[in-house]
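Trainee: Pasting in a structure now, in structure tokens, and then I'll have a few things to ask.
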Amino acid sequence: MSGAALAVVVVVVFLLALYLLQRYGDLRGQQRMVLLGTLLSWYLCFLIVFILPLDVSTTIYKQCVLDNEHHPTSLAPARHTNKTGASSSLYPTVSVPKVCEEPWSYIPDGVLPVLWRVVYWTSQFLTWLLLPFMQSYARSGAFSRVGKIKTALIENAIYYGTYLLIFISLLIYVAAHPQWQLTWTELQTIGITAANTWGLFLLVLLLGYGLVEIPRSYWLSSCHGYLLTKTYFKAAKMATEKAEAEENLADVMEEVAAVHESVRYNHSLRKCVDTILTKCPTEYQNQMGSDVESSCGEQNVIPTKRSLVNLHKKVISAVQRHGQTQVQWWILLDQAFHLEDVAKSQSSPTRLFVHSSSSQYHGWIHSCIYTPTVEWYWECMFRRGFYRLLAVLLGLLSAVVVWSECTFFSTHPVLSLFAVFIQMAEKQYNYICIEMACFVSILFLCVCVYSTVFRIRVFNYYYLVPHHQTDAYSLQFSGMLFCRLTPPLCLNFLGLIHMDSAISHQDRIQTSYTSIMGSMHLLSFISDGFYIYYPMLILLLCFATSYNLGSRCLNIVGFHQYITDDDLTSDLVDEGKELIRRERRKRQKTEDAENRRWALRERYGAQGTGGRTRVGYTELKDNQNSPVTEIRRTGFTVTRRDRDTEEQQTALLQDDSSDEGSPNKRHTGGRYLSLSPSQTGIFDDV
């Protein structure tokens with residue numbers, strides 16, 4: 001089995017990273033370099049987490065072999081005799097070597113050091129050099145590769161200069177001590193120490209939040225009333241964000257339309273304008289084309305190349321933001337509808353889960369396995385108890401982490417619970433138990449940290465959105481954070497189980513992962529001070545998170561957070577409830593219209609062209625007050641003779657809207673409603 005476990009882990013971790021990238025990124029629409037950089041950064045970080053338990057078990061086996069060579073076990077045969085001590089010397093003590101069983105996942109010598117060097121230095125190159133450059137490159141509005149590269153270099157000049165200043169400061173500190181000789185190995189140690197110090201500083205902040213928030217979120221999620229109220233709150237906030245994104249997109253499209261009219265096709269900047277137009281939504285492109293054809297040749301101010309670059313950047317951001325809010329809005333609506341269905345189904349005497357929408361949950365899983373009866377028992381009976389049990393287990397694990405972080409520096413006696421568990425399994429050489437304990441512990445720490453990374457939102461500038469809606473900048477930023485947080489997280493875990501000699505000060509074999517980090521004693525104020533006492537800050541952060549101090553501060557500043565005893569939260573919940581009720585009515589009307597259309601098609605499907613025309617007439621008459629998108633969706637077949645008539649009808653319907661009382665109101669997406677009066681008899685000649 002030597003090497004087989006490592007090969008399996010490598011393949012499984014790659015599939016996991018690929019699945020997450022497919023869920024959050026757009027594999028078809030985004031740039032290949034962005035996808036490759038993000039995939040590689042996620043893959044390397046997950047690889048460290050999954051291989052470290054194998055490194056721990058292999059190190060324990062090597063320590064057993066070393067102890068067996070230097071301190072063999074002394075055994076003497078048991079004899080029942082009454083002879084003198086001189087005669088008892090006929091049976092001398094025999095030193096029998098202790099049996100060290102090789103772990104099932106044993107990795108041969110020389111493999112892990114090379115693997116760790118490749119993984120660590122590649123991830124550090126990505127996070128400190130390549131990914132920041134690719135972020136600026138992907139966000140740049142330049143129209144050529146050379147322009148994008150130039151913009152990226154200028155934006156990262158201060159970024160790289162800061163790193164260089166920190167490194168030079170540490171270099172001067174080391175050079176001021178004559179007893180230290182600056183070799184290449186020591187320079188590597190200084191760089192690794194600086195990177196781990198920065199990562200540990202951010203790691204403790206994220207970990208202190210996740211250790212409390214994850215168990216509490218599962219406990220609160222067991223209550224459907226809490227989930228439904230919070231969903232109403234999110235709906236009110238998301239409606240505001242959605243309206244702002246639509247308004248921003250409309251304003252940007254107006255600027256693009258003005259540039260499109262001013263820069264003619266024989267101008268030198270026309271190619272740049274065409275590039276901008278390709279980034280605009282299709283409906284805006286069609287509208288701009290028709291506006292140019294109907295324009296009277298008004299000459300506007302010719303833009304400069306720099307203004308076009310800024311406009312290109314604004315178009316990319318506005319379109320991406322608009323798409324994200326639309327997808328998030330529909331996901332939030334589905335969640336709200338489902339929670340309302342759960343509240344209604346709890347009092348069902350038939351014990352069948354009833355969906356309010358007939359278009360939900362199609363597929364063989366819901367028809368064969370997750371039937372309405374199974375769904376009712378899960379949602380109305382078992383889900384509450386399961387989530388609360390899971391919350392209690394996660395809470396106990398969080399308490400173990402907090403206790404171990406505050407006491408892991410004590411080796412006599414051993415106070416860290418993680419170290420106690422590993423040492424108990426080490427005495428029995430139960431390698432499977434050692435690996436499982438290490439894997440579960442590291443996985444829980446990673447979930448606490450990474451879930452916070454996936455939830456964090458920095459002024460809508462960076463956040464990860466599922467369903468392929470995450471932009472390139474956010475994907476690369478998450479890769480940077482993963483590469484910076486994973487190495488210090490694993491190093492901190494090795495300190496918790498007393499496998500890091502720089503912290504535990506024990507004379508034993510180091511893991512291959514610790515060996516590539518170099519000797520932390522080179523910077524004693526970091527290894528003996530910062531690495532030991534700074535993690536104790538987790539206790540203070542956990543208390544702050546448990547009392548929602550961060551959410552209350554953000555709420556005071558103006559970033560509304562869900563706080564149960566706040567009046568503004570109650571107002572937003574009421575607003576969200578009304579929005580969900582309105583969207584439910586719209587969706588119900590749409591489904592009723594679809595059902596009527598299908599019924600009419602089945603009824604008149606066997607008739608000829610006249611019958612189909614009658615169907616189309618009936619459909620349009622039933623939906624005169626519906627939105628334009630729904631009318632446009634009711635396609636039907638006509639003969640070539642009636643096709644021109646149909647196109648004219650469709651053109652007239654483009655100006656229809658449900659807001660008939662607002663003649664000058666802008667339509668969603670930046671389009672304007674028609675100022676002409678409504679024509680009630682436009683289909684009388686059909």
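Residues are referred to by chain and number: the chain letter is A, B, ... according to the order shown in the structure tokens, the number counts from 1 in that chain, and ligands are numbered separately from 1 in the order shown.
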Could you give me, as a VMD selection string, the residues within 12 Å of A:Phe543, counting only C-alpha atoms and dropping anything in the same chain fewer than 2 positions from it?

Mentor: chain A and resid 208 to 213 402 537 to 541 545 to 550

Trainee: Restrict the calculation to only C-alpha atoms, then for each residue of stretch 186-303 of chain A with any atom at most 10 Å from an atom of stretch 478-492 of chain A give the closest atom pair and their distance in Å to one decimal, rows by chain and rising residue number, as JSON lines.

Mentor:
{"residue": "A:Ile192", "atom": "CA", "partner": "A:Pro487", "partner_atom": "CA", "distance": 9.6}
{"residue": "A:Thr193", "atom": "CA", "partner": "A:Pro488", "partner_atom": "CA", "distance": 9.5}
{"residue": "A:Ala195", "atom": "CA", "partner": "A:Arg484", "partner_atom": "CA", "distance": 7.3}
{"residue": "A:Asn196", "atom": "CA", "partner": "A:Pro488", "partner_atom": "CA", "distance": 5.2}
{"residue": "A:Thr197", "atom": "CA", "partner": "A:Pro488", "partner_atom": "CA", "distance": 7.7}
{"residue": "A:Trp198", "atom": "CA", "partner": "A:Arg484", "partner_atom": "CA", "distance": 7.9}
{"residue": "A:Gly199", "atom": "CA", "partner": "A:Leu485", "partner_atom": "CA", "distance": 5.1}
{"residue": "A:Leu200", "atom": "CA", "partner": "A:Pro488", "partner_atom": "CA", "distance": 5.6}
{"residue": "A:Phe201", "atom": "CA", "partner": "A:Leu485", "partner_atom": "CA", "distance": 9.3}
{"residue": "A:Leu202", "atom": "CA", "partner": "A:Leu485", "partner_atom": "CA", "distance": 7.5}
{"residue": "A:Leu203", "atom": "CA", "partner": "A:Leu485", "partner_atom": "CA", "distance": 6.1}
{"residue": "A:Val204", "atom": "CA", "partner": "A:Leu489", "partner_atom": "CA", "distance": 9.2}
{"residue": "A:Leu206", "atom": "CA", "partner": "A:Leu485", "partner_atom": "CA", "distance": 9.8}
{"residue": "A:Leu207", "atom": "CA", "partner": "A:Leu489", "partner_atom": "CA", "distance": 9.7}

Trainee: Stretch 382-449 of chain A: which residues are helix (DSSP H, G or I) by DSSP, as a PyMOL selection string?

Mentor: chain A and resi 382-407+417-427+431-449

Trainee: Excluding A:Tyr377 and its own-chain neighbours fewer than 6 positions away, which residues fall within 9 Å of it when counting only C-alpha atoms? Please give them as an MDAnalysis selection string.

Mentor: chainID A and resid 351:353 383

Trainee: Between stretch 319-353 of chain A and stretch 267-290 of chain A, at 12 Å or less, what are the per-residue closest atom pairs and their distances in Å? Count only C-alpha atoms, order by chain and rising residue number, and return it as CSV.

Mentor:
residue,atom,partner,partner_atom,distance
A:Val319,CA,A:Cys280,CA,7.0
A:Gln320,CA,A:Lys279,CA,9.9
A:His322,CA,A:Pro281,CA,10.3
A:Gly323,CA,A:Pro281,CA,10.1

Trainee: May I have the residues from that selection written out with N, CA and C atoms, as a compact mmCIF listing (two decimals), in the first residue's frame?

Mentor:
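That gives us part-v1.txt:
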# COMPACT_ATOMS: atom_id res chain seq x y z
N VAL A 319 -22.11 44.66 -15.72
CA VAL A 319 -22.77 43.47 -16.26
C VAL A 319 -22.61 42.30 -15.30
N GLN A 320 -21.42 42.15 -14.75
CA GLN A 320 -21.19 41.06 -13.80
C GLN A 320 -22.03 41.24 -12.55
N HIS A 322 -24.85 42.89 -12.24
CA HIS A 322 -26.25 42.70 -12.57
C HIS A 322 -26.59 41.21 -12.66
N GLY A 323 -25.73 40.42 -13.28
CA GLY A 323 -25.98 38.98 -13.37
C GLY A 323 -25.96 38.31 -12.01

Trainee: Against stretch 99-123 of chain A, which residues of stretch 481-579 of chain A fall within 7 Å? For each one I want the closest pair of atoms and the distance in Å (one decimal), counting only C-alpha atoms, rows by chain and increasing residue number, as a Markdown table.

Mentor:
| residue | atom | partner | partner_atom | distance |
| --- | --- | --- | --- | --- |
| A:Cys483 | CA | A:Ser123 | CA | 5.7 |
| A:Ser512 | CA | A:Pro113 | CA | 5.4 |
| A:Tyr513 | CA | A:Trp116 | CA | 6.2 |
| A:Ile516 | CA | A:Arg117 | CA | 6.7 |

Trainee: Counting only C-alpha atoms, which residue out of A:Ile442, A:Leu54, A:Val315, A:Ala245 sits closest to A:Ala7?

Mentor: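 Closest to A:Ala7, using only C-alpha atoms: A:Leu54.
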
Trainee: Please provide the set of residues having any atom within 10 Å of A:Pro303, restricted to only C-alpha atoms, with same-chain residues fewer than 6 positions apart removed, written as a PyMOL selection string.

Mentor: chain A and resi 258-259+262-263+269

Trainee: I want to know what sits within 12 Å of A:Leu153, based on only C-alpha atoms, with residues of the same chain fewer than 2 positions away left out; could you give that as a ChimeraX atom specification?

Mentor: /A:129-130,132-137,140,146-151,155-161
